[in-house]
file work.cif (mmCIF, C-alpha atoms)
data_structure
#
loop_
_atom_site.label_atom_id
_atom_site.label_comp_id
_atom_site.auth_asym_id
_atom_site.auth_seq_id
_atom_site.Cartn_x
_atom_site.Cartn_y
_atom_site.Cartn_z
CA MET A 300 -18.49 3.55 59.46
CA ASN A 301 -20.09 6.88 58.70
CA SER A 302 -22.55 6.77 55.77
CA LYS A 303 -21.27 10.07 54.37
CA LEU A 304 -17.71 8.72 54.20
CA LEU A 305 -18.92 5.51 52.52
CA PHE A 306 -20.92 7.55 49.98
CA PHE A 307 -17.84 9.74 49.29
CA ILE A 308 -15.59 6.69 48.67
CA ALA A 309 -18.17 5.11 46.35
CA THR A 310 -18.49 8.38 44.39
CA VAL A 311 -14.70 8.65 43.97
CA LEU A 312 -14.50 5.04 42.70
CA VAL A 313 -17.28 5.66 40.16
CA CYS A 314 -15.56 8.83 38.90
CA VAL A 315 -12.19 7.08 38.55
CA ASN A 316 -13.74 4.20 36.61
CA ALA A 317 -15.68 6.57 34.36
CA GLU A 318 -12.54 8.57 33.50
CA VAL A 319 -10.43 5.50 32.65
CA TYR A 320 -13.08 3.69 30.57
CA ARG A 321 -12.51 3.78 26.78
CA SER A 322 -15.15 2.59 24.36
CA PRO A 323 -13.69 0.25 21.69
CA ASP A 324 -15.73 1.65 18.77
CA TYR A 325 -14.24 5.17 18.75
CA GLU A 326 -11.80 6.02 15.93
CA GLU A 327 -9.44 8.92 16.74
CA GLU A 328 -7.29 9.74 19.77
CA TYR A 329 -7.00 13.25 21.19
CA PRO A 330 -4.94 14.04 24.31
CA ILE A 331 -7.02 15.55 27.09
CA ARG A 332 -5.44 16.48 30.44
CA GLY A 333 -2.64 13.96 30.06
CA LEU A 334 -5.03 11.07 29.30
CA PHE A 335 -6.22 9.89 25.92
CA SER A 336 -9.91 9.95 25.14
CA LYS A 337 -11.31 8.80 21.83
CA ARG A 338 -14.00 10.50 19.79
CA HIS A 339 -15.44 10.42 16.31
CA PRO A 340 -14.16 12.90 13.71
CA ARG A 341 -16.49 15.81 13.14
CA ASP A 342 -15.51 16.94 9.63
CA VAL A 343 -18.34 17.58 7.19
CA THR A 344 -17.45 17.41 3.48
CA TRP A 345 -19.84 18.09 0.63
CA ASP A 346 -19.87 18.77 -3.09
CA THR A 347 -22.60 19.43 -5.61
CA LYS A 348 -22.77 20.20 -9.32
CA MET A 349 -23.68 23.78 -10.13
CA GLY A 350 -23.37 25.97 -13.22
CA GLY A 351 -21.36 23.53 -15.30
CA GLY A 352 -18.87 22.94 -12.49
CA LYS A 353 -18.72 21.66 -8.95
CA VAL A 354 -19.06 23.50 -5.63
CA PHE A 355 -17.16 21.82 -2.78
CA GLY A 356 -16.49 22.44 0.88
CA THR A 357 -15.33 21.07 4.22
CA LEU A 358 -16.08 22.18 7.77
CA GLY A 359 -14.19 20.62 10.64
CA GLN A 360 -11.94 20.88 13.63
CA ASN A 361 -8.56 19.62 14.73
CA ASP A 362 -6.18 20.42 17.57
CA ASP A 363 -5.31 23.76 15.95
CA GLY A 364 -8.91 25.00 15.92
CA LEU A 365 -11.91 25.21 13.63
CA PHE A 366 -11.56 25.41 9.85
CA GLY A 367 -13.70 25.81 6.76
CA LYS A 368 -12.75 25.35 3.11
CA ALA A 369 -14.94 26.05 0.11
CA GLY A 370 -14.53 26.50 -3.61
CA TYR A 371 -15.77 26.11 -7.15
CA ASN A 372 -14.09 23.87 -9.74
CA ARG A 373 -14.92 23.92 -13.46
CA GLU A 374 -13.56 22.27 -16.58
CA ILE A 375 -13.17 25.04 -19.18
CA PHE A 376 -12.30 22.79 -22.12
CA ASN A 377 -11.24 19.22 -22.80
CA ASP A 378 -10.39 18.66 -26.47
CA ASP A 379 -7.37 18.33 -28.78
CA ARG A 380 -5.79 21.42 -27.14
CA GLY A 381 -5.67 19.53 -23.83
CA GLN A 382 -7.67 19.93 -20.65
CA LEU A 383 -8.04 23.28 -18.85
CA THR A 384 -9.67 23.50 -15.44
CA GLY A 385 -10.18 26.50 -13.21
CA GLN A 386 -10.75 26.71 -9.50
CA ALA A 387 -11.64 29.47 -7.05
CA TYR A 388 -11.27 28.70 -3.34
CA GLY A 389 -11.24 30.16 0.14
CA THR A 390 -10.32 28.99 3.64
CA ARG A 391 -11.02 30.26 7.14
CA VAL A 392 -9.24 29.01 10.28
CA LEU A 393 -10.14 29.98 13.86
CA GLY A 394 -7.69 28.94 16.53
CA PRO A 395 -6.32 29.87 19.93
CA GLY A 396 -3.23 31.40 18.32
CA GLY A 397 -5.28 33.65 16.04
CA ASP A 398 -7.30 33.28 12.89
CA SER A 399 -6.63 33.54 9.16
CA THR A 400 -8.59 33.91 5.95
CA ASN A 401 -7.18 32.98 2.55
CA TYR A 402 -8.66 33.00 -0.94
CA GLY A 403 -7.36 32.46 -4.42
CA GLY A 404 -7.72 31.03 -7.87
CA ARG A 405 -5.99 28.33 -9.88
CA LEU A 406 -5.76 27.29 -13.53
CA ASP A 407 -4.48 23.83 -14.53
CA TRP A 408 -3.72 22.80 -18.12
CA ALA A 409 -2.54 19.39 -19.30
CA ASN A 410 -2.20 17.41 -22.53
CA LYS A 411 -0.50 14.12 -23.36
CA ASN A 412 3.02 15.65 -23.26
CA ALA A 413 2.93 18.58 -20.84
CA GLN A 414 1.19 20.20 -17.92
CA ALA A 415 1.16 23.68 -16.42
CA ALA A 416 -0.49 25.40 -13.46
CA ILE A 417 -0.77 28.88 -12.02
CA ASP A 418 -2.12 29.73 -8.57
CA ILE A 419 -2.74 33.23 -7.25
CA ASN A 420 -3.63 33.61 -3.56
CA ARG A 421 -4.20 36.27 -0.94
CA GLN A 422 -4.27 36.24 2.84
CA ILE A 423 -6.56 38.84 4.43
CA GLY A 424 -4.34 41.11 6.49
CA GLY A 425 -1.27 39.50 4.92
CA ARG A 426 0.48 39.22 1.60
CA SER A 427 -0.49 38.04 -1.84
CA GLY A 428 1.42 35.43 -3.78
CA MET A 429 1.64 33.59 -7.07
CA THR A 430 3.02 30.20 -8.05
CA ALA A 431 3.42 28.98 -11.62
CA SER A 432 4.78 25.61 -12.69
CA GLY A 433 5.13 23.60 -15.85
CA SER A 434 6.66 20.36 -17.03
CA GLY A 435 6.69 18.11 -20.03
CA VAL A 436 8.10 15.00 -21.65
CA TRP A 437 8.74 14.81 -25.40
CA ASP A 438 10.04 12.02 -27.64
CA LEU A 439 13.05 13.01 -29.75
CA ASP A 440 13.17 9.62 -31.44
CA LYS A 441 12.16 6.04 -30.68
CA ASN A 442 14.58 5.62 -27.75
CA THR A 443 15.36 9.20 -26.67
CA HIS A 444 13.15 11.36 -24.47
CA ILE A 445 13.63 14.84 -23.12
CA SER A 446 11.88 16.08 -20.02
CA ALA A 447 11.94 19.59 -18.61
CA GLY A 448 10.15 21.44 -15.86
CA GLY A 449 10.23 24.59 -13.89
CA MET A 450 8.46 26.68 -11.32
CA VAL A 451 8.41 30.24 -10.12
CA SER A 452 6.95 31.39 -6.83
CA LYS A 453 6.59 35.03 -5.86
CA GLU A 454 5.25 36.59 -2.71
CA PHE A 455 4.28 40.12 -3.73
CA GLY A 456 6.09 42.81 -1.79
CA HIS A 457 9.41 40.93 -1.74
CA ARG A 458 12.18 41.56 -4.25
CA ARG A 459 13.04 38.24 -5.82
CA PRO A 460 10.95 35.24 -6.79
CA ASP A 461 11.93 31.64 -6.05
CA VAL A 462 12.79 29.87 -9.31
CA GLY A 463 13.47 26.20 -10.00
CA LEU A 464 14.40 24.48 -13.27
CA GLN A 465 15.11 20.87 -14.19
CA ALA A 466 15.83 19.10 -17.47
CA GLU A 467 16.83 15.60 -18.44
CA ILE A 468 17.65 13.72 -21.64
CA ARG A 469 17.16 9.97 -21.39
CA HIS A 470 18.25 7.45 -23.98
CA GLU A 471 17.27 3.81 -23.66
CA TRP A 472 19.88 1.44 -25.14
#
call {"tool": "encode", "arguments": {"input": "work.cif", "output": "structure tokens"}}
result
Amino acid sequence: MNSKLLFFIATVLVCVNAEVYRSPDYEEEYPIRGLFSKRHPRDVTWDTKMGGGKVFGTLGQNDDGLFGKAGYNREIFNDDRGQLTGQAYGTRVLGPGGDSTNYGGRLDWANKNAQAAIDINRQIGGRSGMTASGSGVWDLDKNTHISAGGMVSKEFGHRRPDVGLQAEIRHEW
């Protein structure tokens, strides 16, 4: 048999075995060319205290592309009025279908009976929007409770906001 042909057959066998082999210690599956190869996740998440609040972020990738998220979270007060926290954030996504950049801010308030939130966001090259929500539970007497909640969401540049309301009175016999 010709030595070149023998070398070619041995090389093909090594390549086939190398492509089929899967290491048992990998964690995630990603489809590649119809086969499944496994690799470790590559997300990097961090947070650190700064200026009375916390700076946080994540860099990573998935099948849609590369992404980055970052923000600053701070507790404004936490006393008998309730707890108020504020957050500023931004995201950047790079993918084969295009890229996007978003940023915004959020305020969250809560006490023992109620909670409320407002979020204002903007997409670079796109529209701005706002979402506000609130809900609460109050005792009318020992066995009767009333709960109510609502939300409004508005994408600026459109006519009407989306509105949702819910209320319930519950009496325990």
call {"tool": "resolve_selection", "arguments": {"input": "work.cif", "expression": "the PyMOL selection byres ((chain A and resi 423) around 8)", "output": "short mmCIF file (atom, residue, chain, number, x, y, z; two decimals) with C-alpha atoms, keeping the file's coordinate frame"}}
result
data_model
loop_
_atom_site.label_atom_id
_atom_site.label_comp_id
_atom_site.auth_asym_id
_atom_site.auth_seq_id
_atom_site.Cartn_x
_atom_site.Cartn_y
_atom_site.Cartn_z
CA SER A 399 -6.63 33.54 9.16
CA THR A 400 -8.59 33.91 5.95
CA ASN A 401 -7.18 32.98 2.55
CA ARG A 421 -4.20 36.27 -0.94
CA GLN A 422 -4.27 36.24 2.84
CA GLY A 424 -4.34 41.11 6.49
CA GLY A 425 -1.27 39.50 4.92
CA ARG A 426 0.48 39.22 1.60
#
call {"tool": "closest_residue", "arguments": {"input": "work.cif", "among": "A:Ala413, A:Met429, A:Ala387, A:Leu365", "to": "Ala447 (chain A)", "atoms": "all atoms listed in the file"}}
result
A:Ala413
call {"tool": "atom_distance", "arguments": {"input": "work.cif", "atom1": "CA of Asp363 (chain A)", "atom2": "CA of Tyr388 (chain A)"}}
result
20.8 Å
call {"tool": "residues_around", "arguments": {"input": "work.cif", "residues": "Gly356 (chain A)", "least_positions_apart": "2", "cutoff": "9 Å", "atoms": "all atoms listed in the file", "output": "ChimeraX atom specification"}}
result
/A:343-346,354,358,367-371
call {"tool": "closest_residue", "arguments": {"input": "work.cif", "among": "A:Lys348, A:Arg469, A:Arg405, A:Arg380", "to": "Ser446 (chain A)", "atoms": "all atoms listed in the file"}}
result
A:Arg469
call {"tool": "atom_distance", "arguments": {"input": "work.cif", "atom1": "CA of Met349 (chain A)", "atom2": "CA of Ser427 (chain A)"}}
result
28.5 Å
call {"tool": "resolve_selection", "arguments": {"input": "work.cif", "expression": "the PyMOL selection byres ((chain A and resi 411) around 12)", "output": "PyMOL selection string"}}
result
chain A and resi 377-382+408-410+412-415+434-438
call {"tool": "resolve_selection", "arguments": {"input": "work.cif", "expression": "the PyMOL selection byres ((chain A and resi 456) around 10)", "output": "list of chain:residue names"}}
result
A:Arg426, A:Ser427, A:Gly428, A:Lys453, A:Glu454, A:Phe455, A:His457, A:Arg458, A:Arg459
call {"tool": "atom_distance", "arguments": {"input": "work.cif", "atom1": "CA of Asn372 (chain A)", "atom2": "CA of Asp418 (chain A)"}}
result
13.4 Å
call {"tool": "closest_residue", "arguments": {"input": "work.cif", "among": "A:Gln386, A:Thr357, A:Asn420, A:Gln465", "to": "Ser432 (chain A)", "atoms": "only C-alpha atoms"}}
result
A:Gln465
call {"tool": "residues_around", "arguments": {"input": "work.cif", "residues": "Glu374 (chain A)", "least_positions_apart": "4", "cutoff": "10 Å", "atoms": "all atoms listed in the file", "output": "list in words"}}
result
Gly351, Gly352, Lys353, Gln382, Leu383, Thr384, Gly385, Gln386, Leu406, Asp407 and Trp408 of chain A
call {"tool": "residues_around", "arguments": {"input": "work.cif", "residues": "Ser452 (chain A)", "least_positions_apart": "2", "cutoff": "7 Å", "atoms": "only C-alpha atoms", "output": "list in words"}}
result
Met429, Thr430, Ala431, Met450, Glu454, Pro460, Asp461 and Val462 of chain A
call {"tool": "closest_residue", "arguments": {"input": "work.cif", "among": "A:Gly433, A:Asp362, A:Thr443, A:Gly394", "to": "Leu464 (chain A)", "atoms": "all atoms listed in the file"}}
result
A:Gly433
call {"tool": "residues_near_point", "arguments": {"input": "work.cif", "point": "(-9.7, 16.5, 10.9)", "cutoff": "6 Å", "atoms": "all atoms listed in the file", "output": "VMD selection string"}}
result
chain A and resid 342 360 to 361
